[in-house]
>>> print(open('model17.pdb').read())   # PDB, C-alpha atoms and all ligand atoms
ATOM      1  CA  MET A   1     130.840 -57.542  46.763
ATOM      2  CA  ASN A   2     130.304 -54.399  48.796
ATOM      3  CA  GLN A   3     128.604 -54.441  52.182
ATOM      4  CA  LYS A   4     126.885 -51.203  51.289
ATOM      5  CA  GLY A   5     123.520 -51.570  49.540
ATOM      6  CA  GLY A   6     122.442 -49.785  46.381
ATOM      7  CA  VAL A   7     125.940 -49.355  44.945
ATOM      8  CA  GLY A   8     125.477 -51.351  41.730
ATOM      9  CA  LYS A   9     126.414 -54.924  42.718
ATOM     10  CA  THR A  10     123.418 -56.611  41.152
ATOM     11  CA  THR A  11     123.364 -54.388  38.074
ATOM     12  CA  THR A  12     127.042 -55.127  37.520
ATOM     13  CA  THR A  13     126.729 -58.857  38.135
ATOM     14  CA  ILE A  14     123.972 -59.451  35.628
ATOM     15  CA  ASN A  15     125.118 -57.065  32.918
ATOM     16  CA  LEU A  16     128.826 -57.868  33.145
ATOM     17  CA  ALA A  17     127.922 -61.569  33.080
ATOM     18  CA  ALA A  18     125.678 -61.006  30.053
ATOM     19  CA  ALA A  19     128.459 -59.132  28.248
ATOM     20  CA  ILE A  20     130.987 -61.869  29.020
ATOM     21  CA  ALA A  21     128.503 -64.467  27.764
ATOM     22  CA  GLN A  22     127.965 -62.464  24.572
ATOM     23  CA  ALA A  23     131.722 -62.409  24.058
ATOM     24  CA  GLY A  24     131.470 -66.182  23.779
ATOM     25  CA  PHE A  25     132.386 -67.386  27.249
ATOM     26  CA  ARG A  26     130.164 -69.724  29.197
ATOM     27  CA  THR A  27     129.137 -67.772  32.255
ATOM     28  CA  LEU A  28     127.249 -68.655  35.419
ATOM     29  CA  VAL A  29     125.559 -66.103  37.675
ATOM     30  CA  ILE A  30     124.854 -67.167  41.247
ATOM     31  CA  ASP A  31     122.412 -64.964  43.132
ATOM     32  CA  LEU A  32     123.595 -65.117  46.738
ATOM     33  CA  ASP A  33     121.410 -62.298  48.041
ATOM     34  CA  PRO A  34     118.149 -63.309  49.775
ATOM     35  CA  GLN A  35     116.577 -60.231  48.170
ATOM     36  CA  ALA A  36     116.861 -62.148  44.874
ATOM     37  CA  HIS A  37     117.290 -59.044  42.730
ATOM     38  CA  ALA A  38     119.624 -60.745  40.256
ATOM     39  CA  THR A  39     117.101 -63.586  39.957
ATOM     40  CA  LEU A  40     114.366 -61.102  39.093
ATOM     41  CA  GLY A  41     116.628 -59.085  36.827
ATOM     42  CA  LEU A  42     117.437 -62.181  34.790
ATOM     43  CA  GLY A  43     113.747 -62.957  34.400
ATOM     44  CA  ILE A  44     113.757 -66.106  36.515
ATOM     45  CA  ASP A  45     110.779 -67.170  38.603
ATOM     46  CA  GLY A  46     112.588 -67.726  41.893
ATOM     47  CA  ALA A  47     109.566 -69.306  43.576
ATOM     48  CA  GLU A  48     109.782 -72.207  41.153
ATOM     49  CA  GLY A  49     112.445 -74.896  41.266
ATOM     50  CA  ARG A  50     115.585 -75.247  43.298
ATOM     51  CA  SER A  51     117.705 -72.309  44.383
ATOM     52  CA  ILE A  52     121.090 -71.558  45.881
ATOM     53  CA  TYR A  53     119.429 -72.069  49.274
ATOM     54  CA  ASP A  54     118.956 -75.769  48.477
ATOM     55  CA  LEU A  55     122.486 -76.091  47.089
ATOM     56  CA  ILE A  56     124.106 -74.536  50.141
ATOM     57  CA  HIS A  57     122.519 -77.304  52.167
ATOM     58  CA  ASP A  58     123.244 -80.012  49.601
ATOM     59  CA  ALA A  59     125.359 -79.315  46.519
ATOM     60  CA  ALA A  60     124.249 -82.451  44.687
ATOM     61  CA  ASP A  61     122.385 -81.532  41.492
ATOM     62  CA  ALA A  62     124.063 -78.125  41.349
ATOM     63  CA  VAL A  63     124.463 -78.403  37.585
ATOM     64  CA  ALA A  64     120.820 -79.351  37.064
ATOM     65  CA  THR A  65     119.742 -76.405  39.217
ATOM     66  CA  ALA A  66     121.299 -73.833  36.886
ATOM     67  CA  ARG A  67     118.899 -72.423  34.324
ATOM     68  CA  GLU A  68     119.844 -71.153  30.897
ATOM     69  CA  VAL A  69     118.707 -67.543  30.624
ATOM     70  CA  ALA A  70     120.500 -66.592  27.382
ATOM     71  CA  PRO A  71     123.036 -68.217  25.069
ATOM     72  CA  ASN A  72     126.129 -69.015  27.172
ATOM     73  CA  LEU A  73     124.479 -67.538  30.280
ATOM     74  CA  LEU A  74     123.374 -69.735  33.164
ATOM     75  CA  ALA A  75     121.926 -68.640  36.485
ATOM     76  CA  ILE A  76     121.236 -70.145  39.873
ATOM     77  CA  ALA A  77     118.315 -68.385  41.548
ATOM     78  CA  SER A  78     118.123 -67.072  45.079
ATOM     79  CA  HIS A  79     115.257 -67.486  47.508
ATOM     80  CA  THR A  80     114.110 -65.491  50.546
ATOM     81  CA  ASP A  81     114.794 -68.595  52.685
ATOM     82  CA  LEU A  82     118.478 -67.863  52.141
ATOM     83  CA  ALA A  83     118.197 -65.255  54.887
ATOM     84  CA  ALA A  84     117.940 -68.090  57.428
ATOM     85  CA  THR A  85     121.202 -69.695  56.307
ATOM     86  CA  GLU A  86     123.297 -67.724  58.749
ATOM     87  CA  THR A  87     121.558 -69.324  61.733
ATOM     88  CA  GLU A  88     121.055 -72.710  60.112
ATOM     89  CA  LEU A  89     124.758 -73.133  59.430
ATOM     90  CA  ALA A  90     126.052 -71.461  62.594
ATOM     91  CA  SER A  91     127.339 -74.675  64.136
ATOM     92  CA  ALA A  92     128.364 -76.528  60.972
ATOM     93  CA  ASP A  93     132.139 -77.098  60.781
ATOM     94  CA  ASP A  94     132.126 -76.787  56.999
ATOM     95  CA  ARG A  95     129.925 -73.696  56.931
ATOM     96  CA  LEU A  96     132.445 -71.704  54.890
ATOM     97  CA  GLU A  97     132.903 -74.419  52.267
ATOM     98  CA  ARG A  98     129.355 -74.586  50.976
ATOM     99  CA  MET A  99     129.697 -72.229  47.998
ATOM    100  CA  LYS A 100     132.976 -73.787  46.969
ATOM    101  CA  ARG A 101     131.235 -77.136  46.666
ATOM    102  CA  VAL A 102     128.541 -75.650  44.451
ATOM    103  CA  ILE A 103     131.092 -73.982  42.173
ATOM    104  CA  ASP A 104     133.349 -77.031  41.987
ATOM    105  CA  ALA A 105     130.424 -78.853  40.375
ATOM    106  CA  PHE A 106     130.824 -76.532  37.352
ATOM    107  CA  ALA A 107     134.530 -77.173  36.768
ATOM    108  CA  GLY A 108     135.056 -77.706  33.052
ATOM    109  CA  ARG A 109     131.519 -76.567  32.286
ATOM    110  CA  VAL A 110     131.728 -72.784  32.536
ATOM    111  CA  ASP A 111     134.462 -70.208  31.985
ATOM    112  CA  PHE A 112     133.360 -67.632  34.545
ATOM    113  CA  VAL A 113     131.191 -67.642  37.653
ATOM    114  CA  LEU A 114     129.897 -64.311  38.949
ATOM    115  CA  ILE A 115     128.402 -64.261  42.433
ATOM    116  CA  ASP A 116     126.049 -61.447  43.438
ATOM    117  CA  CYS A 117     126.669 -60.934  47.165
ATOM    118  CA  PRO A 118     124.243 -59.549  49.756
ATOM    119  CA  PRO A 119     124.951 -56.141  51.317
ATOM    120  CA  SER A 120     126.704 -57.492  54.405
ATOM    121  CA  LEU A 121     129.917 -59.168  55.468
ATOM    122  CA  GLY A 122     128.023 -62.119  56.945
ATOM    123  CA  LEU A 123     128.246 -65.844  56.359
ATOM    124  CA  LEU A 124     126.919 -65.722  52.779
ATOM    125  CA  THR A 125     129.501 -63.167  51.652
ATOM    126  CA  LEU A 126     132.250 -65.037  53.499
ATOM    127  CA  ASN A 127     131.188 -68.191  51.651
ATOM    128  CA  ALA A 128     131.561 -66.362  48.359
ATOM    129  CA  LEU A 129     134.997 -65.077  49.368
ATOM    130  CA  ALA A 130     136.064 -68.543  50.463
ATOM    131  CA  ALA A 131     135.185 -69.854  46.992
ATOM    132  CA  ALA A 132     136.242 -66.991  44.728
ATOM    133  CA  ASP A 133     139.451 -66.238  42.857
ATOM    134  CA  GLU A 134     138.772 -62.525  42.625
ATOM    135  CA  VAL A 135     136.720 -59.770  44.195
ATOM    136  CA  LEU A 136     135.083 -57.032  42.134
ATOM    137  CA  ILE A 137     133.932 -54.050  44.172
ATOM    138  CA  PRO A 138     131.117 -52.019  42.629
ATOM    139  CA  MET A 139     130.894 -48.609  44.276
ATOM    140  CA  GLN A 140     129.911 -45.030  43.782
ATOM    141  CA  ALA A 141     132.736 -42.550  43.918
ATOM    142  CA  HIS A 142     131.710 -40.742  47.107
ATOM    143  CA  PHE A 143     133.958 -39.927  50.037
ATOM    144  CA  LEU A 144     131.988 -41.987  52.560
ATOM    145  CA  ALA A 145     132.003 -44.976  50.236
ATOM    146  CA  LEU A 146     135.803 -45.087  50.497
ATOM    147  CA  GLN A 147     135.628 -45.855  54.199
ATOM    148  CA  GLY A 148     133.416 -48.884  53.571
ATOM    149  CA  VAL A 149     135.963 -50.158  51.069
ATOM    150  CA  GLY A 150     138.657 -50.130  53.763
ATOM    151  CA  LYS A 151     136.584 -52.490  55.922
ATOM    152  CA  LEU A 152     135.876 -54.666  52.912
ATOM    153  CA  LEU A 153     139.570 -54.963  52.042
ATOM    154  CA  GLU A 154     140.371 -55.948  55.625
ATOM    155  CA  THR A 155     137.812 -58.756  55.365
ATOM    156  CA  VAL A 156     139.360 -59.975  52.111
ATOM    157  CA  LYS A 157     142.803 -59.867  53.712
ATOM    158  CA  LEU A 158     141.597 -61.896  56.672
ATOM    159  CA  LEU A 159     140.359 -64.663  54.371
ATOM    160  CA  ALA A 160     143.352 -64.556  52.045
ATOM    161  CA  ILE A 161     146.216 -64.085  54.478
ATOM    162  CA  GLY A 162     144.886 -64.947  57.885
ATOM    163  CA  PRO A 163     146.123 -65.439  60.768
ATOM    164  CA  GLN A 164     144.322 -68.577  59.520
ATOM    165  CA  PRO A 165     143.939 -68.213  55.755
ATOM    166  CA  ILE A 166     140.793 -69.721  54.323
ATOM    167  CA  ASN A 167     141.344 -68.891  50.639
ATOM    168  CA  PRO A 168     144.970 -67.991  49.834
ATOM    169  CA  ARG A 169     144.115 -67.621  46.095
ATOM    170  CA  LEU A 170     141.766 -64.711  46.758
ATOM    171  CA  LYS A 171     142.690 -61.426  45.047
ATOM    172  CA  VAL A 172     140.977 -58.085  44.650
ATOM    173  CA  ALA A 173     140.554 -57.466  40.916
ATOM    174  CA  GLY A 174     139.423 -53.916  41.458
ATOM    175  CA  VAL A 175     136.686 -51.343  41.733
ATOM    176  CA  VAL A 176     133.854 -50.873  39.241
ATOM    177  CA  LEU A 177     132.624 -47.278  39.367
ATOM    178  CA  CYS A 178     128.823 -47.353  39.124
ATOM    179  CA  MET A 179     126.256 -44.594  38.545
ATOM    180  CA  HIS A 180     129.251 -42.500  37.675
ATOM    181  CA  ASP A 181     129.204 -38.748  37.243
ATOM    182  CA  ALA A 182     132.510 -37.856  35.619
ATOM    183  CA  ALA A 183     131.639 -34.153  35.566
ATOM    184  CA  SER A 184     131.757 -33.748  39.359
ATOM    185  CA  THR A 185     134.972 -32.516  40.982
ATOM    186  CA  HIS A 186     134.253 -34.544  44.113
ATOM    187  CA  THR A 187     133.907 -37.709  42.044
ATOM    188  CA  ARG A 188     137.206 -37.055  40.272
ATOM    189  CA  GLU A 189     138.972 -36.530  43.610
ATOM    190  CA  VAL A 190     137.628 -39.789  45.011
ATOM    191  CA  VAL A 191     138.706 -41.699  41.890
ATOM    192  CA  ALA A 192     142.172 -40.128  42.106
ATOM    193  CA  ASP A 193     142.386 -41.244  45.767
ATOM    194  CA  LEU A 194     141.410 -44.788  44.791
ATOM    195  CA  ASP A 195     143.958 -44.888  41.965
ATOM    196  CA  ALA A 196     146.657 -43.600  44.310
ATOM    197  CA  PHE A 197     145.720 -46.127  46.979
ATOM    198  CA  PHE A 198     146.033 -49.072  44.592
ATOM    199  CA  GLU A 199     149.234 -47.704  43.056
ATOM    200  CA  GLY A 200     150.693 -47.348  46.548
ATOM    201  CA  GLY A 201     150.048 -51.022  47.264
ATOM    202  CA  ARG A 202     151.834 -52.482  44.220
ATOM    203  CA  ALA A 203     154.908 -53.561  46.167
ATOM    204  CA  SER A 204     152.901 -55.005  49.055
ATOM    205  CA  GLU A 205     151.853 -58.598  49.559
ATOM    206  CA  SER A 206     148.222 -57.605  50.026
ATOM    207  CA  PRO A 207     145.445 -59.294  48.015
ATOM    208  CA  TRP A 208     144.890 -55.936  46.229
ATOM    209  CA  LYS A 209     148.422 -55.456  44.970
ATOM    210  CA  ASP A 210     147.247 -55.921  41.353
ATOM    211  CA  ALA A 211     143.891 -54.181  41.791
ATOM    212  CA  VAL A 212     142.732 -51.429  39.441
ATOM    213  CA  VAL A 213     139.907 -48.967  39.138
ATOM    214  CA  PHE A 214     138.280 -50.402  36.023
ATOM    215  CA  ARG A 215     137.814 -48.131  33.036
ATOM    216  CA  PRO A 216     135.417 -47.172  31.735
ATOM    217  CA  ALA A 217     133.225 -46.223  34.677
ATOM    218  CA  ILE A 218     129.564 -47.140  34.317
ATOM    219  CA  ARG A 219     127.645 -43.940  33.683
ATOM    220  CA  ARG A 220     124.295 -43.280  35.283
ATOM    221  CA  ASN A 221     121.736 -44.529  32.795
ATOM    222  CA  ILE A 222     118.035 -44.892  33.535
ATOM    223  CA  LYS A 223     117.771 -47.868  31.157
ATOM    224  CA  LEU A 224     119.929 -49.843  33.585
ATOM    225  CA  ALA A 225     117.399 -49.156  36.339
ATOM    226  CA  GLU A 226     114.414 -49.984  34.126
ATOM    227  CA  SER A 227     115.623 -53.242  32.595
ATOM    228  CA  PRO A 228     115.253 -55.482  35.707
ATOM    229  CA  SER A 229     111.517 -54.801  35.852
ATOM    230  CA  PHE A 230     111.278 -56.511  32.462
ATOM    231  CA  GLY A 231     113.492 -59.391  33.591
ATOM    232  CA  LYS A 232     116.005 -58.396  30.933
ATOM    233  CA  THR A 233     119.675 -57.513  30.872
ATOM    234  CA  ILE A 234     120.586 -54.177  29.319
ATOM    235  CA  PHE A 235     121.596 -55.978  26.118
ATOM    236  CA  ASP A 236     118.100 -57.335  25.578
ATOM    237  CA  TYR A 237     116.261 -54.289  26.910
ATOM    238  CA  ALA A 238     118.197 -51.354  25.435
ATOM    239  CA  PRO A 239     121.216 -52.587  23.454
ATOM    240  CA  LEU A 240     122.047 -49.094  22.192
ATOM    241  CA  ALA A 241     121.867 -47.355  25.578
ATOM    242  CA  SER A 242     125.010 -46.001  27.238
ATOM    243  CA  GLY A 243     124.572 -48.670  29.927
ATOM    244  CA  ALA A 244     125.003 -51.405  27.324
ATOM    245  CA  GLU A 245     128.015 -49.637  25.847
ATOM    246  CA  ASP A 246     129.636 -49.244  29.275
ATOM    247  CA  TYR A 247     129.093 -52.820  30.424
ATOM    248  CA  ARG A 248     130.344 -54.158  27.081
ATOM    249  CA  ALA A 249     133.497 -52.048  27.434
ATOM    250  CA  LEU A 250     133.881 -53.132  31.071
ATOM    251  CA  ALA A 251     133.691 -56.767  29.955
ATOM    252  CA  ASP A 252     136.435 -56.089  27.389
ATOM    253  CA  ALA A 253     138.626 -54.531  30.106
ATOM    254  CA  PHE A 254     137.878 -57.392  32.485
ATOM    255  CA  LEU A 255     138.592 -60.093  29.905
ATOM    256  CA  ALA A 256     141.744 -58.421  28.603
ATOM    257  CA  GLY A 257     143.576 -59.024  31.841
ATOM    258  CA  ARG A 258     142.629 -62.647  32.297
ATOM    259  CA  ARG A 259     142.313 -65.894  30.514
ATOM    260  CA  PRO A 260     139.299 -67.879  31.504
ATOM    261  CA  HIS A 261     140.264 -70.963  33.261
ATOM    262  CA  SER A 262     137.964 -73.385  31.939
ATOM    263  CA  ALA A 263     137.239 -75.040  29.728
ATOM    264  CA  HIS A 264     136.442 -78.299  28.421
ATOM    265  CA  ALA A 265     138.271 -81.048  30.217
ATOM    266  CA  PRO A 266     138.973 -83.514  27.419
ATOM    267  CA  GLY A 267     135.952 -85.591  26.675
ATOM    268  CA  GLU A 268     133.717 -83.595  28.943
ATOM    269  CA  MET A 269     130.549 -82.221  27.473
ATOM    270  CA  PRO A 270     130.236 -78.470  27.989
ATOM    271  CA  LEU A 271     126.897 -77.425  29.408
ATOM    272  CA  VAL A 272     126.127 -74.736  26.863
ATOM    273  CA  VAL A 273     128.017 -73.899  23.736
ATOM    274  CA  THR A 274     126.506 -71.582  21.199
ATOM    275  CA  ARG A 275     129.581 -69.819  19.901
ATOM    276  CA  SER A 276     133.227 -70.541  20.276
ATOM    277  CA  PRO A 277     135.092 -68.065  22.501
ATOM    278  CA  SER A 278     135.884 -64.981  20.479
ATOM    279  CA  ALA A 279     139.166 -64.402  22.284
ATOM    280  CA  GLU A 280     141.294 -67.049  20.614
ATOM    281  CA  LYS A 281     144.328 -66.144  22.663
ATOM    282  CA  THR A 282     142.832 -67.639  25.811
ATOM    283  CA  GLU A 283     143.941 -71.080  26.803
ATOM    284  CA  PRO A 284     142.146 -73.666  28.837
ATOM    285  CA  ALA A 285     143.202 -74.294  32.410
ATOM    286  CA  ALA A 286     141.875 -76.453  35.154
ATOM    287  CA  GLN A 287     139.130 -74.545  36.885
ATOM    288  CA  ALA A 288     136.398 -71.990  36.363
ATOM    289  CA  SER A 289     137.399 -68.470  37.337
ATOM    290  CA  THR A 290     135.167 -67.074  40.012
ATOM    291  CA  SER A 291     134.451 -63.483  40.874
ATOM    292  CA  ALA A 292     132.444 -62.383  43.867
TER
HETATM  293  P1  LIG B 301     123.151 -53.284  44.912
HETATM  294  O1  LIG B 301     123.008 -54.630  44.304
HETATM  295  O2  LIG B 301     124.539 -52.938  45.309
HETATM  296  O3  LIG B 301     122.178 -53.062  46.028
HETATM  297  P2  LIG B 301     121.885 -52.334  42.485
HETATM  298  O4  LIG B 301     122.663 -52.878  41.362
HETATM  299  O5  LIG B 301     120.589 -53.020  42.817
HETATM  300  O6  LIG B 301     122.781 -52.194  43.774
HETATM  301  O7  LIG B 301     121.621 -50.799  42.165
HETATM  302  C1  LIG B 301     120.857 -49.979  43.045
HETATM  303  C2  LIG B 301     119.825 -49.205  42.228
HETATM  304  O8  LIG B 301     120.481 -48.346  41.321
HETATM  305  C3  LIG B 301     118.940 -50.102  41.395
HETATM  306  O9  LIG B 301     117.644 -49.546  41.324
HETATM  307  C4  LIG B 301     119.605 -50.071  40.028
HETATM  308  O10 LIG B 301     118.682 -50.312  38.982
HETATM  309  C5  LIG B 301     120.135 -48.665  39.988
HETATM  310  N1  LIG B 301     121.346 -48.542  39.166
HETATM  311  C6  LIG B 301     122.477 -49.289  39.238
HETATM  312  N2  LIG B 301     123.416 -48.864  38.370
HETATM  313  C7  LIG B 301     122.859 -47.811  37.710
HETATM  314  C8  LIG B 301     123.339 -46.912  36.691
HETATM  315  N3  LIG B 301     124.574 -47.022  36.166
HETATM  316  N4  LIG B 301     122.493 -45.945  36.271
HETATM  317  C9  LIG B 301     121.250 -45.823  36.793
HETATM  318  N5  LIG B 301     120.762 -46.614  37.750
HETATM  319  C10 LIG B 301     121.540 -47.600  38.220
HETATM  320 MG    MG B 302     121.921 -56.269  44.976
END
>>> encode(input="model17.pdb", output="structure tokens")
Amino acid sequence: MNQKGGVGKTTTTINLAAAIAQAGFRTLVIDLDPQAHATLGLGIDGAEGRSIYDLIHDAADAVATAREVAPNLLAIASHTDLAATETELASADDRLERMKRVIDAFAGRVDFVLIDCPPSLGLLTLNALAAADEVLIPMQAHFLALQGVGKLLETVKLLAIGPQPINPRLKVAGVVLCMHDAASTHTREVVADLDAFFEGGRASESPWKDAVVFRPAIRRNIKLAESPSFGKTIFDYAPLASGAEDYRALADAFLAGRRPHSAHAPGEMPLVVTRSPSAEKTEPAAQASTSA
């Protein structure tokens, strides 16, 4: 999540998810932005079939709503109607529990759920935060972008710690640097500030006490901007491009620090299995790990 638009949320969601899926983990992308860019980028016809809009109103059939877009990679489409959700749910007591219900339906079926949030801190994003284990913050390393991150962290803290905590499990995993220009002095200063900020919080009880600035940064790469118009992830569109290299390396960094919860509850049929997880060291736990 990041309430600023155009920072790389959707690009990161679909390509990180695709890289995690290629590493052998069953991965679900949920497009929670009414603009439906992740839906388009994954080559799904959002006008057809059920979408996250339907599931937010009624989570039954959540599993059947997910479509297989690549081996190990499932997606739930968005729809422009999702924009009305804010008003439609305004007076519902359980309005912050809707996404959690959708994701709970996938327990034991997927290893990771990645949610592509809209560029706001409204009800949809709050729903994602109420359901997630971790927050990934895609951003560009510009001075003004840092200020937005402060507001974002306060929102995470409000949900995680309260006064009335809604999701005490919620943690900030870290920042993904997108469209990165490592040659610029300004960029390097902003990254150093971010590193120092997270280092300074290690002893705190904040939800970002374990957060990192993920390495490598995702370099600016025109292939990443082109691939959505073909409905393809970078790995299908330009597997040798720097964008593919960077998102594969980001997936390695992301996976190194965590074991997927998952997996197969005994006797339960996994939804998609094409390869066994390549990281043998990971052990099954109870629930799918969810990043917003
Ligand atoms: P958000 O979801 O935060 O609005 P997007 O992921 O849609 O941001 O990215 C905004 C624009 O920048 C899109 O046109 C996308 O294709 C492009 N883009 C994202 N990351 C890169 C990158 N590393 N290099 C080049 N273009 C990028
Ligand atoms: Mg987006």
>>> closest_atom_pairs(input="model17.pdb", of="chain A", to="ligand MG 302 (chain B)", cutoff="9 Å", atoms="all atoms listed in the file", output="JSON lines")
{"residue": "A:Gly5", "atom": "CA", "partner": "B:MG302", "partner_atom": "MG", "distance": 6.7}
{"residue": "A:Gly6", "atom": "CA", "partner": "B:MG302", "partner_atom": "MG", "distance": 6.7}
{"residue": "A:Val7", "atom": "CA", "partner": "B:MG302", "partner_atom": "MG", "distance": 8.0}
{"residue": "A:Gly8", "atom": "CA", "partner": "B:MG302", "partner_atom": "MG", "distance": 6.9}
{"residue": "A:Lys9", "atom": "CA", "partner": "B:MG302", "partner_atom": "MG", "distance": 5.2}
{"residue": "A:Thr10", "atom": "CA", "partner": "B:MG302", "partner_atom": "MG", "distance": 4.1}
{"residue": "A:Thr11", "atom": "CA", "partner": "B:MG302", "partner_atom": "MG", "distance": 7.3}
{"residue": "A:Thr13", "atom": "CA", "partner": "B:MG302", "partner_atom": "MG", "distance": 8.8}
{"residue": "A:Asp31", "atom": "CA", "partner": "B:MG302", "partner_atom": "MG", "distance": 8.9}
{"residue": "A:Asp33", "atom": "CA", "partner": "B:MG302", "partner_atom": "MG", "distance": 6.8}
{"residue": "A:Gln35", "atom": "CA", "partner": "B:MG302", "partner_atom": "MG", "distance": 7.4}
{"residue": "A:Ala36", "atom": "CA", "partner": "B:MG302", "partner_atom": "MG", "distance": 7.8}
{"residue": "A:His37", "atom": "CA", "partner": "B:MG302", "partner_atom": "MG", "distance": 5.8}
{"residue": "A:Ala38", "atom": "CA", "partner": "B:MG302", "partner_atom": "MG", "distance": 6.9}
{"residue": "A:Asp116", "atom": "CA", "partner": "B:MG302", "partner_atom": "MG", "distance": 6.8}
{"residue": "A:Cys117", "atom": "CA", "partner": "B:MG302", "partner_atom": "MG", "distance": 7.0}
{"residue": "A:Pro118", "atom": "CA", "partner": "B:MG302", "partner_atom": "MG", "distance": 6.2}
{"residue": "A:Pro119", "atom": "CA", "partner": "B:MG302", "partner_atom": "MG", "distance": 7.0}
>>> atom_distance(input="model17.pdb", atom1="CA of Thr87 in chain A", atom2="CA of Ala59 in chain A")
18.6 Å
>>> atom_distance(input="model17.pdb", atom1="CA of Asn221 in chain A", atom2="atom N3 of ligand LIG 301 (chain B)")
5.1 Å
>>> residues_near_point(input="model17.pdb", point="(131.0, -69.5, 28.1)", cutoff="7 Å", atoms="all atoms listed in the file", output="list of chain:residue names")
A:Ala21, A:Gly24, A:Phe25, A:Arg26, A:Thr27, A:Asn72, A:Val110, A:Asp111, A:Val273
>>> resolve_selection(input="model17.pdb", expression="the PyMOL selection byres (((chain A and resi 232-243) around 6) and not hetatm)", output="JSON, numbers by chain")
{"A": [15, 41, 42, 221, 227, 228, 230, 231, 244, 245, 246]}
>>> residues_around(input="model17.pdb", residues="range 192-207 of chain A", least_positions_apart="4", cutoff="10 Å", atoms="all atoms listed in the file", output="ChimeraX atom specification")
/A:134-135,141,143,146,149,153-154,156-161,168-175,186-188,211-214
>>> closest_residue(input="model17.pdb", among="A:Met1, A:Ala75, A:Ala90, A:Leu255", to="ligand LIG 301 (chain B)", atoms="only C-alpha atoms and all ligand atoms")
A:Met1
>>> atom_distance(input="model17.pdb", atom1="CA of Val113 in chain A", atom2="CA of Thr80 in chain A")
21.5 Å
>>> axis_aligned_box(input="model17.pdb", around="range 47-56 of chain A", padding_each_side="4 Å", output="AutoDock Vina command-line options")
--center_x 116.8 --center_y -72.7 --center_z 45.6 --size_x 22.5 --size_y 14.8 --size_z 17.0
>>> closest_residue(input="model17.pdb", among="A:Asp45, A:Asp252, A:Asp181, A:Glu189", to="ligand LIG 301 (chain B)", atoms="all atoms listed in the file")
A:Asp181
>>> closest_residue(input="model17.pdb", among="A:Lys4, A:Arg101, A:Arg67, A:Lys151", to="ligand LIG 301 (chain B)", atoms="only C-alpha atoms and all ligand atoms")
A:Lys4
>>> closest_residue(input="model17.pdb", among="A:Leu89, A:Leu250, A:Leu16, A:Leu224", to="ligand LIG 301 (chain B)", atoms="all atoms listed in the file")
A:Leu224
>>> closest_residue(input="model17.pdb", among="A:Lys209, A:Arg258, A:His180, A:Arg248", to="ligand LIG 301 (chain B)", atoms="all atoms listed in the file")
A:His180
>>> resolve_selection(input="model17.pdb", expression="the PyMOL selection byres (((chain A and resi 93-95) around 10) and not hetatm)", output="number ranges by chain")
A: 56-57, 85-86, 88-92, 96-99, 123-124, 126-127
>>> write_last_selection(input="model17.pdb", atoms="C-alpha atoms", output="short mmCIF file (atom, residue, chain, number, x, y, z; two decimals), keeping the file's coordinate frame")
data_model
loop_
_atom_site.label_atom_id
_atom_site.label_comp_id
_atom_site.auth_asym_id
_atom_site.auth_seq_id
_atom_site.Cartn_x
_atom_site.Cartn_y
_atom_site.Cartn_z
CA ILE A 56 124.11 -74.54 50.14
CA HIS A 57 122.52 -77.30 52.17
CA THR A 85 121.20 -69.69 56.31
CA GLU A 86 123.30 -67.72 58.75
CA GLU A 88 121.06 -72.71 60.11
CA LEU A 89 124.76 -73.13 59.43
CA ALA A 90 126.05 -71.46 62.59
CA SER A 91 127.34 -74.68 64.14
CA ALA A 92 128.36 -76.53 60.97
CA LEU A 96 132.44 -71.70 54.89
CA GLU A 97 132.90 -74.42 52.27
CA ARG A 98 129.35 -74.59 50.98
CA MET A 99 129.70 -72.23 48.00
CA LEU A 123 128.25 -65.84 56.36
CA LEU A 124 126.92 -65.72 52.78
CA LEU A 126 132.25 -65.04 53.50
CA ASN A 127 131.19 -68.19 51.65
#
>>> closest_residue(input="model17.pdb", among="A:Leu73, A:Ile222, A:Ala182, A:Leu114", to="ligand LIG 301 (chain B)", atoms="all atoms listed in the file")
A:Ile222
>>> decode(input="model17.pdb", residues="range 169-176 of chain A", atoms="N, CA and C atoms", output="short mmCIF file (atom, residue, chain, number, x, y, z; two decimals), in the first residue's frame")
data_model
loop_
_atom_site.label_atom_id
_atom_site.label_comp_id
_atom_site.auth_asym_id
_atom_site.auth_seq_id
_atom_site.Cartn_x
_atom_site.Cartn_y
_atom_site.Cartn_z
N ARG A 169 -1.79 -8.24 14.71
CA ARG A 169 -0.71 -8.98 14.04
C ARG A 169 0.02 -8.13 13.00
N LEU A 170 -0.59 -7.01 12.63
CA LEU A 170 -0.10 -6.24 11.48
C LEU A 170 1.29 -5.66 11.70
N LYS A 171 2.18 -5.93 10.73
CA LYS A 171 3.56 -5.43 10.79
C LYS A 171 3.89 -4.76 9.46
N VAL A 172 4.82 -3.82 9.50
CA VAL A 172 5.35 -3.26 8.26
C VAL A 172 6.58 -4.08 7.88
N ALA A 173 6.51 -4.74 6.72
CA ALA A 173 7.67 -5.53 6.26
C ALA A 173 8.75 -4.61 5.74
N GLY A 174 8.34 -3.55 5.04
CA GLY A 174 9.34 -2.61 4.57
C GLY A 174 8.96 -1.89 3.30
N VAL A 175 9.94 -1.18 2.78
CA VAL A 175 9.76 -0.33 1.60
C VAL A 175 10.38 -1.02 0.39
N VAL A 176 9.65 -1.01 -0.72
CA VAL A 176 10.20 -1.46 -2.00
C VAL A 176 10.47 -0.21 -2.84
#
